[in-house]
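Participant: I am attaching a structure below and will ask some questions about it afterwards.
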Amino acid sequence: MSWEIIKQSLPMFQQGFVLTLYLSLVGIIGSAIVGIICSLVQYFKVPILDKILQVYIEISKNTPLLVQLFFLYYAFPAMGIKLSAQLCGIIGLIFLGGSYMAAGFSGGFNGVSKKQVESGKAIGLSNWQLARYVVFPQGFALSIPALAANIIFLIKETSIFTVIAIPELTNTALDLIGLYYNSNEYLFVLVVAYAIILIPLSIILTLLERRVRYGTFGN
Amino acid sequence: MANEVLKVEHLEKYYQKKHVLHDINFSISKGEVITLLGPSGSGKSTLIRCLNGLEDFRNGEITFENKKVVPSEKNWQQLRQKIGMVFQSYDLFPNLTVLDNIMLGPTKVQKRNVDEVKKEVDELLKKVDLLDYKDAYPRQLSGGQKQRIAIVRALALHPEFMLFDEVTASLDPEMVRGVLNIIQDLADQDDMTMIIVTHEMNFAQQIADRVLFLKDGSILEDTPGKKFFKDPTTDQAKEFLQSMDF
């Protein structure tokens, strides 16, 4: 393995690194918003809307991101909707992540004890107030482990964006290999780059989980 | 009756196919204190949970302050400001401080002025000797302290009618007295109407204007407190009192 080759490739990897971070961030935030909405609708069993969202969740969970991306990138233009590759990637990631986040939040909300909900009702809280002051804060603390796993999962899923030629990390590595055939070096850098993002993040999320749990429940 | 607060007529409750409350009829007038007694599983908790809409019921009618209650969630939400309830397991919100636990109802549900409510809550906390714990979290309190806060939380809404569901049953023995004293003080106010489910027989005897004795989901006795403890009418009630070493 040649350090010289690695060094020369770093500026390109740096661009891919930044793009991976950017796409992940947007995708995670979008997924979280979709997930919160879906899970609250399902928690309070909002009529009709909960059925519609259930259909979305089933499609999202049970189709591969790869297929979702192909659909956005190749089938949408045929229907007259042309989106840039990056936008396809972000929409695809949010479409996939939304259902995972919904499952994560739902797990937390459903974990809030029935007694907490009843004692909220007993002081006259409306459904919305119950959500805001009791179910959401407690459920959020309970759902952090699942959300953390989703965050890591979604970041890793961005590697699939390479199939629609978004120049993120994986795409950068595959491109370089195609050009110069130094696969050992480029794959090495690729692994290290993902590890640099994911290992510290994973540690931070674990610490955060403990903190929020203690802040909410005291244990 | 002119000052009747609550009337229950022909109430029936099922859990799936299980018939848990049979044709419940009683009424309670302003300032009256009823204790609801009976063996475990007789339906006491289920009955008082029906009275603030935490349980639905199949047949029957509840009238609150001379108005028939239409049992929709919206209606109950309104009524729960007037019908306070305290539970066996206190159920304070662990994510909020003591003060915020108490303030939530008056300020968010009733939209009252924050400073006024704060002043009033200070008074209430002083009465139950917990003013110093106002900024503490529930996890920092003992069971008895939590239960006293739960009572204050319910009272802060200015309810006219209070339901107590075995509020001392999970407390250490030395904590029980403090909580019962607060309920006794409330009972001594002329205008506070209450239904109390309890296993503390001495307390029940002391506080009850009337006793409802429930067994297997039916009210077997509806008797003035003094008479019930001296001379219950039914054999089942006699047996029950004996089993409680009373």
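Ordering of the structure tokens sets the chain letters (A, B, ...), residue numbers begin anew at 1 in every chain, and ligands are numbered from 1 in the order given.
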Compute the set of chain B residues within 7 Å of chain A, using only C-alpha atoms, and express it as a PyMOL selection string.

Facilitator: chain B and resi 77-78+80-81+84-85+91+93-95+105+109+139+154

Participant: Contacts of Ile90 in chain A at 7 Å or less, counting only C-alpha atoms, minus same-chain residues fewer than 4 places along, as an NGL selection string?

Facilitator: :A and (23 or 27 or 86 or 94)

Participant: Do you know which residues are at most 6 Å from range 166-170 of chain B counting only C-alpha atoms, after dropping those on the same chain fewer than 6 positions away, and could you put them as a ChimeraX atom specification?

Facilitator: /B:87-88,176,197-198

Participant: Any chance you could export the current selection's N, CA and C atoms as a compact mmCIF listing (two decimals), in the first residue's frame?

Facilitator:
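Just written: selection37.txt:
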# COMPACT_ATOMS: atom_id res chain seq x y z
N PHE B 87 -54.15 8.91 42.51
CA PHE B 87 -53.99 7.47 42.27
C PHE B 87 -53.09 6.82 43.33
N GLN B 88 -53.18 5.52 43.37
CA GLN B 88 -52.33 4.76 44.29
C GLN B 88 -50.84 5.00 44.02
N VAL B 176 -48.12 7.01 55.92
CA VAL B 176 -49.57 6.97 55.70
C VAL B 176 -50.28 8.11 56.43
N VAL B 197 -61.55 5.43 48.04
CA VAL B 197 -61.36 3.98 48.09
C VAL B 197 -60.19 3.74 49.01
N THR B 198 -60.36 2.95 50.03
CA THR B 198 -59.26 2.74 50.96
C THR B 198 -59.35 1.38 51.64

Participant: Would you mind listing what lies within 9 Å of Thr162 in chain A as a VMD selection string, with only C-alpha atoms counted and same-chain residues fewer than 6 positions away left out?

Facilitator: chain A and resid 168 to 172 174

Participant: Residues at most 10 Å from Leu171 in chain B, counting only C-alpha atoms, excluding those fewer than 2 positions away in the same chain, as a PyMOL selection string?

Facilitator: chain B and resi 88-89+142-147+167-169+173-177+179

Participant: Asn184 in chain A: which residues within 10 Å, counting only C-alpha atoms, same-chain residues fewer than 6 positions away excluded, as a list in words?

Facilitator: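 Here the answer would be Met1, Ser2, Ile6, Ile177 and Leu190 of chain A.
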
Participant: Would you give me, as JSON, numbers by chain, the residues in range 31-130 of chain B that DSSP reads as alpha helix (DSSP H)?

Facilitator: {"B": [44, 45, 46, 47, 48, 49, 50, 73, 74, 75, 76, 77, 78, 79, 98, 99, 100, 101, 102, 103, 114, 115, 116, 117, 118, 119, 120, 121, 122, 123, 124, 125, 126, 127]}

Participant: Which of these, A:Phe17, A:Phe95, A:Phe140, A:Tyr74, has the shortest distance to Asn62 in chain A once you count only C-alpha atoms?

Facilitator: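 With only C-alpha atoms as the atom set, the closest residue is A:Phe95.
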